[in-house]
$ cat protein_6.cif   # mmCIF, C-alpha atoms
data_coords
#
loop_
_atom_site.group_PDB
_atom_site.id
_atom_site.type_symbol
_atom_site.label_atom_id
_atom_site.label_comp_id
_atom_site.auth_asym_id
_atom_site.auth_seq_id
_atom_site.Cartn_x
_atom_site.Cartn_y
_atom_site.Cartn_z
ATOM 1 C CA MET A 1 86.269 79.385 96.237
ATOM 2 C CA SER A 2 88.580 81.388 94.001
ATOM 3 C CA GLY A 3 86.023 82.572 91.466
ATOM 4 C CA TRP A 4 88.156 81.463 88.512
ATOM 5 C CA PRO A 5 86.464 79.493 85.759
ATOM 6 C CA ALA A 6 88.137 76.069 85.612
ATOM 7 C CA GLY A 7 89.604 76.677 82.162
ATOM 8 C CA ASP A 8 91.123 79.994 83.190
ATOM 9 C CA VAL A 9 92.815 78.740 86.333
ATOM 10 C CA ALA A 10 94.147 75.721 84.429
ATOM 11 C CA ALA A 11 95.555 77.915 81.637
ATOM 12 C CA ILE A 12 97.198 80.272 84.104
ATOM 13 C CA GLY A 13 98.602 77.323 86.033
ATOM 14 C CA ARG A 14 100.175 75.917 82.853
ATOM 15 C CA ALA A 15 101.619 79.230 81.690
ATOM 16 C CA ASP A 16 105.347 79.487 82.242
ATOM 17 C CA GLU A 17 105.027 83.262 82.502
ATOM 18 C CA ILE A 18 102.161 85.680 82.843
ATOM 19 C CA GLN A 19 101.959 89.407 82.388
ATOM 20 C CA VAL A 20 100.505 91.657 85.076
ATOM 21 C CA ALA A 21 99.504 95.298 84.973
ATOM 22 C CA SER A 22 98.113 97.265 87.891
ATOM 23 C CA LEU A 23 95.581 100.061 87.631
ATOM 24 C CA ARG A 24 96.604 103.672 88.074
ATOM 25 C CA PRO A 25 94.411 105.916 90.269
ATOM 26 C CA ASP A 26 92.755 107.257 87.093
ATOM 27 C CA GLY A 27 91.730 103.709 86.090
ATOM 28 C CA THR A 28 94.204 103.266 83.236
ATOM 29 C CA LEU A 29 96.539 100.299 83.128
ATOM 30 C CA ARG A 30 100.228 100.573 83.840
ATOM 31 C CA PRO A 31 102.577 98.738 81.450
ATOM 32 C CA TYR A 32 102.599 94.954 81.711
ATOM 33 C CA VAL A 33 105.399 93.193 83.576
ATOM 34 C CA THR A 34 106.270 89.549 82.861
ATOM 35 C CA ILE A 35 106.440 87.374 85.986
ATOM 36 C CA TRP A 36 105.954 83.818 87.195
ATOM 37 C CA ALA A 37 102.681 82.611 88.691
ATOM 38 C CA VAL A 38 101.547 79.412 90.354
ATOM 39 C CA ARG A 39 98.297 77.632 90.925
ATOM 40 C CA VAL A 40 97.502 76.209 94.342
ATOM 41 C CA GLY A 41 94.214 74.354 94.150
ATOM 42 C CA ASP A 42 91.799 76.759 92.477
ATOM 43 C CA ASP A 43 93.792 79.858 93.419
ATOM 44 C CA VAL A 44 96.495 81.812 91.589
ATOM 45 C CA TYR A 45 99.463 83.429 93.335
ATOM 46 C CA VAL A 46 102.302 85.666 92.234
ATOM 47 C CA ARG A 47 105.477 86.735 93.997
ATOM 48 C CA SER A 48 108.076 89.370 93.394
ATOM 49 C CA ALA A 49 111.473 87.810 92.748
ATOM 50 C CA HIS A 50 113.043 91.036 93.978
ATOM 51 C CA GLY A 51 111.006 91.470 97.141
ATOM 52 C CA ALA A 52 108.290 93.788 98.308
ATOM 53 C CA GLU A 53 110.135 96.902 97.157
ATOM 54 C CA ASN A 54 109.931 95.874 93.494
ATOM 55 C CA PRO A 55 107.914 98.614 91.734
ATOM 56 C CA TRP A 56 105.426 96.276 90.020
ATOM 57 C CA PHE A 57 104.660 94.596 93.349
ATOM 58 C CA ARG A 58 104.205 97.869 95.249
ATOM 59 C CA ARG A 59 101.858 99.189 92.561
ATOM 60 C CA ALA A 60 99.793 95.987 92.422
ATOM 61 C CA ALA A 61 99.542 95.750 96.214
ATOM 62 C CA SER A 62 98.638 99.425 96.486
ATOM 63 C CA SER A 63 95.987 99.528 93.759
ATOM 64 C CA GLY A 64 94.612 96.063 94.470
ATOM 65 C CA GLN A 65 93.372 95.853 90.900
ATOM 66 C CA GLY A 66 94.759 95.213 87.469
ATOM 67 C CA ARG A 67 94.809 92.837 84.551
ATOM 68 C CA ILE A 68 96.699 89.686 83.696
ATOM 69 C CA ARG A 69 97.486 88.004 80.401
ATOM 70 C CA ALA A 70 98.397 84.340 80.091
ATOM 71 C CA ARG A 71 98.175 81.724 77.359
ATOM 72 C CA GLY A 72 95.818 83.761 75.194
ATOM 73 C CA LEU A 73 93.490 84.911 77.948
ATOM 74 C CA GLU A 74 93.248 88.374 79.436
ATOM 75 C CA ARG A 75 91.339 89.038 82.649
ATOM 76 C CA ASP A 76 90.657 91.921 85.004
ATOM 77 C CA VAL A 77 91.834 90.881 88.462
ATOM 78 C CA GLN A 78 92.167 91.834 92.080
ATOM 79 C CA PHE A 79 95.434 91.534 93.989
ATOM 80 C CA SER A 80 95.229 90.767 97.709
ATOM 81 C CA THR A 81 97.545 89.651 100.481
ATOM 82 C CA PRO A 82 96.879 85.992 101.267
ATOM 83 C CA GLY A 83 96.647 84.591 104.758
ATOM 84 C CA PRO A 84 99.761 83.027 106.285
ATOM 85 C CA GLY A 85 98.426 79.500 105.896
ATOM 86 C CA VAL A 86 99.217 79.324 102.174
ATOM 87 C CA ALA A 87 102.907 80.296 102.213
ATOM 88 C CA ASP A 88 104.246 76.731 102.290
ATOM 89 C CA ALA A 89 101.879 75.551 99.555
ATOM 90 C CA VAL A 90 102.793 78.507 97.328
ATOM 91 C CA THR A 91 106.500 77.877 97.884
ATOM 92 C CA ALA A 92 106.038 74.186 97.048
ATOM 93 C CA ALA A 93 104.152 75.129 93.880
ATOM 94 C CA TYR A 94 106.980 77.442 92.800
ATOM 95 C CA HIS A 95 109.504 74.648 93.383
ATOM 96 C CA ALA A 96 107.400 72.114 91.472
ATOM 97 C CA LYS A 97 106.862 74.417 88.514
ATOM 98 C CA TYR A 98 110.185 76.255 88.249
ATOM 99 C CA ASP A 99 112.974 74.200 89.869
ATOM 100 C CA ARG A 100 114.068 73.176 86.382
ATOM 101 C CA TYR A 101 115.643 76.637 86.082
ATOM 102 C CA GLY A 102 118.028 75.880 88.936
ATOM 103 C CA PRO A 103 118.320 77.099 92.522
ATOM 104 C CA ALA A 104 119.878 80.456 91.646
ATOM 105 C CA ILE A 105 116.834 81.395 89.556
ATOM 106 C CA VAL A 106 113.985 79.844 91.548
ATOM 107 C CA GLY A 107 115.576 81.055 94.779
ATOM 108 C CA GLY A 108 114.298 84.541 94.074
ATOM 109 C CA VAL A 109 110.664 83.472 94.436
ATOM 110 C CA VAL A 110 111.078 81.104 97.384
ATOM 111 C CA SER A 111 113.295 83.291 99.593
ATOM 112 C CA PRO A 112 112.066 84.733 102.906
ATOM 113 C CA GLU A 113 111.818 88.159 101.230
ATOM 114 C CA ALA A 114 109.714 86.712 98.406
ATOM 115 C CA LEU A 115 107.332 85.211 100.956
ATOM 116 C CA ARG A 116 106.517 88.764 102.068
ATOM 117 C CA SER A 117 105.763 89.723 98.463
ATOM 118 C CA THR A 118 103.058 87.170 97.717
ATOM 119 C CA LEU A 119 99.764 88.244 96.216
ATOM 120 C CA ARG A 120 96.638 86.210 95.596
ATOM 121 C CA VAL A 121 95.143 86.959 92.182
ATOM 122 C CA THR A 122 91.375 86.654 91.765
ATOM 123 C CA PRO A 123 89.059 87.622 88.909
ATOM 124 C CA ARG A 124 86.957 90.759 89.245
#

$ encode --input "protein_6.cif" --output "structure tokens"
Amino acid sequence: MSGWPAGDVAAIGRADEIQVASLRPDGTLRPYVTIWAVRVGDDVYVRSAHGAENPWFRRAASSGQGRIRARGLERDVQFSTPGPGVADAVTAAYHAKYDRYGPAIVGGVVSPEALRSTLRVTPR
């Protein structure tokens, strides 16, 4: 169970882009970064198109907490590393949602490096 209310996970799943902000150690939010997100079942996942060294990804993975904005909703969230069993489903969801942008664009979120920069997003 993801913990997302059905309307929230549906809205996030439909959003072409979402904004994520991680929490600083003092509890304040860092600036929002616009990224892609996918829904797999009742779960939400994000990936860094530029790999695990991308600053937004490192900050989100390190803090484990933040906030997202999508389609008029704003929620406090947790970021966690998903188990290996979801990688193929997340990749398929990225292809289904974003292949219309072409392989050069979607390739950034389905590459082997992007697989290592996947985070599960859950409400807190």

$ atom_distance --input "protein_6.cif" --atom1 "atom CA of A:Leu23" --atom2 "atom CA of A:Val46"
16.5 Å

$ atom_distance --input "protein_6.cif" --atom1 "atom CA of A:Arg124" --atom2 "atom CA of A:Gln65"
8.4 Å

$ atom_distance --input "protein_6.cif" --atom1 "atom CA of A:Ala61" --atom2 "atom CA of A:Ser22"
8.6 Å

$ resolve_selection --input "protein_6.cif" --expression "the PyMOL selection byres ((chain A and resi 44) around 12)" --output "count of residues only"
45

$ closest_residue --input "protein_6.cif" --among "A:Arg100, A:Arg75, A:Arg24, A:His95" --to "A:Ala60" --atoms "all atoms listed in the file"
A:Arg24

$ resolve_selection --input "protein_6.cif" --expression "the PyMOL selection byres ((chain A and resi 50) around 12)" --output "ChimeraX atom specification"
/A:35,47-49,51-58,105-118

$ axis_aligned_box --input "protein_6.cif" --around "stretch 39-54 of chain A" --padding-each-side "8 Å" --output "lines of an AutoDock Vina configuration file"
center_x = 102.4
center_y = 85.6
center_z = 94.6
size_x = 37.2
size_y = 38.5
size_z = 23.4

$ closest_residue --input "protein_6.cif" --among "A:Lys97, A:Ala21, A:Gly85, A:Tyr32" --to "A:Arg67" --atoms "only C-alpha atoms"
A:Ala21

$ build_atoms --input "protein_6.cif" --residues "stretch 75-95 of chain A" --atoms "N, CA and C atoms" --output "PDB file, in the coordinates of the input"
ATOM      1  N   ARG A  75      92.392  88.878  81.649  1.00  0.00           N
ATOM      2  CA  ARG A  75      91.339  89.038  82.649  1.00  0.00           C
ATOM      3  C   ARG A  75      91.634  90.207  83.572  1.00  0.00           C
ATOM      4  N   ASP A  76      90.562  90.922  83.946  1.00  0.00           N
ATOM      5  CA  ASP A  76      90.657  91.921  85.004  1.00  0.00           C
ATOM      6  C   ASP A  76      90.722  91.166  86.323  1.00  0.00           C
ATOM      7  N   VAL A  77      91.601  91.608  87.221  1.00  0.00           N
ATOM      8  CA  VAL A  77      91.834  90.881  88.462  1.00  0.00           C
ATOM      9  C   VAL A  77      91.937  91.819  89.659  1.00  0.00           C
ATOM     10  N   GLN A  78      91.872  91.188  90.816  1.00  0.00           N
ATOM     11  CA  GLN A  78      92.167  91.834  92.080  1.00  0.00           C
ATOM     12  C   GLN A  78      93.429  91.201  92.642  1.00  0.00           C
ATOM     13  N   PHE A  79      94.244  92.013  93.299  1.00  0.00           N
ATOM     14  CA  PHE A  79      95.434  91.534  93.989  1.00  0.00           C
ATOM     15  C   PHE A  79      95.188  91.717  95.481  1.00  0.00           C
ATOM     16  N   SER A  80      95.412  90.661  96.267  1.00  0.00           N
ATOM     17  CA  SER A  80      95.229  90.767  97.709  1.00  0.00           C
ATOM     18  C   SER A  80      96.323  89.975  98.426  1.00  0.00           C
ATOM     19  N   THR A  81      96.560  90.352  99.659  1.00  0.00           N
ATOM     20  CA  THR A  81      97.545  89.651 100.481  1.00  0.00           C
ATOM     21  C   THR A  81      96.887  88.392 101.027  1.00  0.00           C
ATOM     22  N   PRO A  82      97.482  87.235 100.769  1.00  0.00           N
ATOM     23  CA  PRO A  82      96.879  85.992 101.267  1.00  0.00           C
ATOM     24  C   PRO A  82      97.166  85.805 102.748  1.00  0.00           C
ATOM     25  N   GLY A  83      96.395  84.949 103.365  1.00  0.00           N
ATOM     26  CA  GLY A  83      96.647  84.591 104.758  1.00  0.00           C
ATOM     27  C   GLY A  83      97.931  83.789 104.884  1.00  0.00           C
ATOM     28  N   PRO A  84      98.482  83.712 106.085  1.00  0.00           N
ATOM     29  CA  PRO A  84      99.761  83.027 106.285  1.00  0.00           C
ATOM     30  C   PRO A  84      99.705  81.520 106.047  1.00  0.00           C
ATOM     31  N   GLY A  85      98.541  80.943 106.047  1.00  0.00           N
ATOM     32  CA  GLY A  85      98.426  79.500 105.896  1.00  0.00           C
ATOM     33  C   GLY A  85      98.768  78.956 104.528  1.00  0.00           C
ATOM     34  N   VAL A  86      98.947  79.817 103.526  1.00  0.00           N
ATOM     35  CA  VAL A  86      99.217  79.324 102.174  1.00  0.00           C
ATOM     36  C   VAL A  86     100.689  79.417 101.779  1.00  0.00           C
ATOM     37  N   ALA A  87     101.511  80.041 102.598  1.00  0.00           N
ATOM     38  CA  ALA A  87     102.907  80.296 102.213  1.00  0.00           C
ATOM     39  C   ALA A  87     103.641  79.027 101.810  1.00  0.00           C
ATOM     40  N   ASP A  88     103.525  77.968 102.605  1.00  0.00           N
ATOM     41  CA  ASP A  88     104.246  76.731 102.290  1.00  0.00           C
ATOM     42  C   ASP A  88     103.748  76.101 100.997  1.00  0.00           C
ATOM     43  N   ALA A  89     102.439  76.130 100.781  1.00  0.00           N
ATOM     44  CA  ALA A  89     101.879  75.551  99.555  1.00  0.00           C
ATOM     45  C   ALA A  89     102.306  76.353  98.329  1.00  0.00           C
ATOM     46  N   VAL A  90     102.363  77.668  98.450  1.00  0.00           N
ATOM     47  CA  VAL A  90     102.793  78.507  97.328  1.00  0.00           C
ATOM     48  C   VAL A  90     104.269  78.258  97.040  1.00  0.00           C
ATOM     49  N   THR A  91     105.076  78.174  98.073  1.00  0.00           N
ATOM     50  CA  THR A  91     106.500  77.877  97.884  1.00  0.00           C
ATOM     51  C   THR A  91     106.679  76.523  97.211  1.00  0.00           C
ATOM     52  N   ALA A  92     105.947  75.522  97.662  1.00  0.00           N
ATOM     53  CA  ALA A  92     106.038  74.186  97.048  1.00  0.00           C
ATOM     54  C   ALA A  92     105.619  74.233  95.579  1.00  0.00           C
ATOM     55  N   ALA A  93     104.595  75.009  95.271  1.00  0.00           N
ATOM     56  CA  ALA A  93     104.152  75.129  93.880  1.00  0.00           C
ATOM     57  C   ALA A  93     105.217  75.792  93.017  1.00  0.00           C
ATOM     58  N   TYR A  94     105.890  76.817  93.553  1.00  0.00           N
ATOM     59  CA  TYR A  94     106.980  77.442  92.800  1.00  0.00           C
ATOM     60  C   TYR A  94     108.116  76.441  92.562  1.00  0.00           C
ATOM     61  N   HIS A  95     108.459  75.662  93.576  1.00  0.00           N
ATOM     62  CA  HIS A  95     109.504  74.648  93.383  1.00  0.00           C
ATOM     63  C   HIS A  95     109.087  73.636  92.324  1.00  0.00           C
TER      64      HIS A  95
END
